[in-house]
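Presented below is the structure to which this report refers.
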Amino acid sequence: MKGLDIAEAMLQQARDRLSTAERAISSGNYSYAVRSSQECVELSLKAALRAVAVEYPKKHDVSRVLLRVKGRFPAWFAVDEFVRTGRELLELREPAMYGDEVRMISPSALFRKEQADDVFQKARKTHEACQALIRDLRSSATERADP
């Protein structure tokens, strides 16, 4: 159960990032919404790995590990989709924070509401799936523990 407890704590952190992203969109800070959405996805996927007792790499991209242990997840858990989402948002992480330093474009000039909304929706979908996974694993563990 310890692994699930840690996974749930990570999901709370991810949920906080999702709330931050939603507030950032509302206030027009689209680059920050993108960055917070990426952090939500990263934390959610690491929580999913922790929940199935897999040590995740201490870096932003966990896609290789997710693909390697795909069989540990239930069929409904869309590993391939979450890998694509994680990689897509990781590509946006640095520009969302620093902008395009070569072309001297600020982060706020790089992102528009439509993109922030799209990224936010992908983050929410990933987070909700990871929540459902952990809820199912917790329920299964409880059922096994009850005679």
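If you're wondering about the labels, chains in the structure tokens are A, B, ... by order shown, residues count from 1 in each chain, ligands from 1 in order shown.
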Picked from chain A by DSSP as helix (DSSP H, G or I), as number ranges by chain: A: 2-27, 30-51, 63-68, 70-72, 79-98, 107-110, 113-145
Who sits within 10 Å of Gln13 in chain A, only C-alpha atoms, same chain under 2 positions skipped, as a PyMOL selection string: chain A and resi 7-11+15-19+39-40+43-44+47
Go ahead and save the residues from that selection, with N, CA and C atoms, as a short mmCIF file (atom, residue, chain, number, x, y, z; two decimals), in the first residue's frame.
data_model
loop_
_atom_site.label_atom_id
_atom_site.label_comp_id
_atom_site.auth_asym_id
_atom_site.auth_seq_id
_atom_site.Cartn_x
_atom_site.Cartn_y
_atom_site.Cartn_z
N ALA A 7 1.93 7.29 -4.67
CA ALA A 7 1.33 7.63 -5.96
C ALA A 7 0.19 8.64 -5.78
N GLU A 8 -0.62 8.44 -4.76
CA GLU A 8 -1.72 9.37 -4.50
C GLU A 8 -1.20 10.76 -4.12
N ALA A 9 -0.12 10.81 -3.37
CA ALA A 9 0.47 12.10 -3.01
C ALA A 9 1.00 12.81 -4.26
N MET A 10 1.60 12.04 -5.15
CA MET A 10 2.09 12.62 -6.41
C MET A 10 0.92 13.13 -7.25
N LEU A 11 -0.18 12.39 -7.24
CA LEU A 11 -1.36 12.83 -8.00
C LEU A 11 -1.93 14.12 -7.43
N ARG A 15 -2.57 17.35 -9.50
CA ARG A 15 -3.86 18.05 -9.50
C ARG A 15 -3.66 19.54 -9.22
N ASP A 16 -2.74 19.86 -8.33
CA ASP A 16 -2.44 21.27 -8.05
C ASP A 16 -1.89 21.97 -9.30
N ARG A 17 -1.04 21.27 -10.07
CA ARG A 17 -0.52 21.85 -11.31
C ARG A 17 -1.64 22.07 -12.31
N LEU A 18 -2.58 21.13 -12.35
CA LEU A 18 -3.72 21.27 -13.27
C LEU A 18 -4.57 22.48 -12.88
N SER A 19 -4.79 22.66 -11.60
CA SER A 19 -5.54 23.84 -11.13
C SER A 19 -4.80 25.13 -11.48
N GLU A 39 3.90 19.73 -16.30
CA GLU A 39 4.26 19.21 -14.99
C GLU A 39 3.18 18.26 -14.47
N CYS A 40 1.92 18.58 -14.74
CA CYS A 40 0.82 17.71 -14.34
C CYS A 40 0.96 16.34 -15.00
N LEU A 43 4.04 14.38 -13.52
CA LEU A 43 3.76 13.84 -12.19
C LEU A 43 2.71 12.74 -12.23
N SER A 44 1.70 12.89 -13.06
CA SER A 44 0.65 11.87 -13.16
C SER A 44 1.21 10.55 -13.68
N ALA A 47 3.32 8.93 -11.10
CA ALA A 47 2.44 8.33 -10.09
C ALA A 47 1.92 6.98 -10.59
#
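Nearest to Trp76 in chain A of all the residues A:Arg35, A:Leu4, A:Asp136, A:Glu42 is A:Asp136, counting only C-alpha atoms.
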For the interface of range 107-136 of chain A with range 88-103 of chain A (cut-off 12 Å, counting only C-alpha atoms), please tabulate each contacting residue of range 107-136 of chain A alongside its nearest pair of atoms and their separation in Å to one decimal, rows sorted by chain and increasing number, as CSV.
residue,atom,partner,partner_atom,distance
A:Pro107,CA,A:Gly99,CA,3.8
A:Ser108,CA,A:Gly99,CA,7.5
A:Ala109,CA,A:Gly99,CA,7.9
A:Leu110,CA,A:Gly99,CA,6.7
A:Phe111,CA,A:Ala96,CA,7.7
A:Arg112,CA,A:Ala96,CA,11.2
A:Gln115,CA,A:Leu92,CA,10.6
A:Ala116,CA,A:Ala96,CA,10.3
A:Asp118,CA,A:Leu89,CA,10.7
A:Val119,CA,A:Leu89,CA,7.4
A:Phe120,CA,A:Leu89,CA,10.0
A:Gln121,CA,A:Leu89,CA,11.8
A:Lys122,CA,A:Leu89,CA,9.2
A:Ala123,CA,A:Leu89,CA,8.9
A:Thr126,CA,A:Leu89,CA,11.7
File of the preceding selection, C-alpha atoms, as a PDB file, in the first residue's frame:
ATOM      1  CA  PRO A 107       7.212  32.776 -23.718  1.00  0.00           C
ATOM      2  CA  SER A 108       4.054  34.874 -23.656  1.00  0.00           C
ATOM      3  CA  ALA A 109       4.435  35.626 -27.363  1.00  0.00           C
ATOM      4  CA  LEU A 110       4.831  31.945 -28.281  1.00  0.00           C
ATOM      5  CA  PHE A 111       1.570  30.551 -26.930  1.00  0.00           C
ATOM      6  CA  ARG A 112      -2.075  31.328 -27.657  1.00  0.00           C
ATOM      7  CA  GLN A 115      -2.870  25.850 -27.684  1.00  0.00           C
ATOM      8  CA  ALA A 116      -3.036  26.302 -23.915  1.00  0.00           C
ATOM      9  CA  ASP A 118      -5.538  21.919 -26.002  1.00  0.00           C
ATOM     10  CA  VAL A 119      -2.573  21.142 -23.778  1.00  0.00           C
ATOM     11  CA  PHE A 120      -4.709  21.585 -20.663  1.00  0.00           C
ATOM     12  CA  GLN A 121      -7.314  19.113 -21.963  1.00  0.00           C
ATOM     13  CA  LYS A 122      -4.608  16.531 -22.684  1.00  0.00           C
ATOM     14  CA  ALA A 123      -3.183  17.029 -19.201  1.00  0.00           C
ATOM     15  CA  THR A 126      -3.946  11.971 -18.559  1.00  0.00           C
TER      16      THR A 126
END
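The residue that comes closest to Leu67 in chain A, out of A:Val83, A:Leu45, A:Ile105, A:Val54 and on the basis of only C-alpha atoms, is A:Val83.
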Taking only C-alpha atoms into account, name the residue in A:Thr85, A:Gln12, A:Ser140, A:Ser63 that is nearest to Ser37 in chain A.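 Among the listed residues, A:Thr85 lies closest to Ser37 in chain A.
Picture a line from CA of Arg87 in chain A to CA of Lys46 in chain A; it runs 13.6 Å.
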Taking only C-alpha atoms into account, name the residue in A:Ala129, A:Val34, A:Val69, A:Leu137 that is nearest to Asp5 in chain A.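 Checking each of A:Ala129, A:Val34, A:Val69, A:Leu137 against Asp5 in chain A, counting only C-alpha atoms, the winner is A:Leu137.
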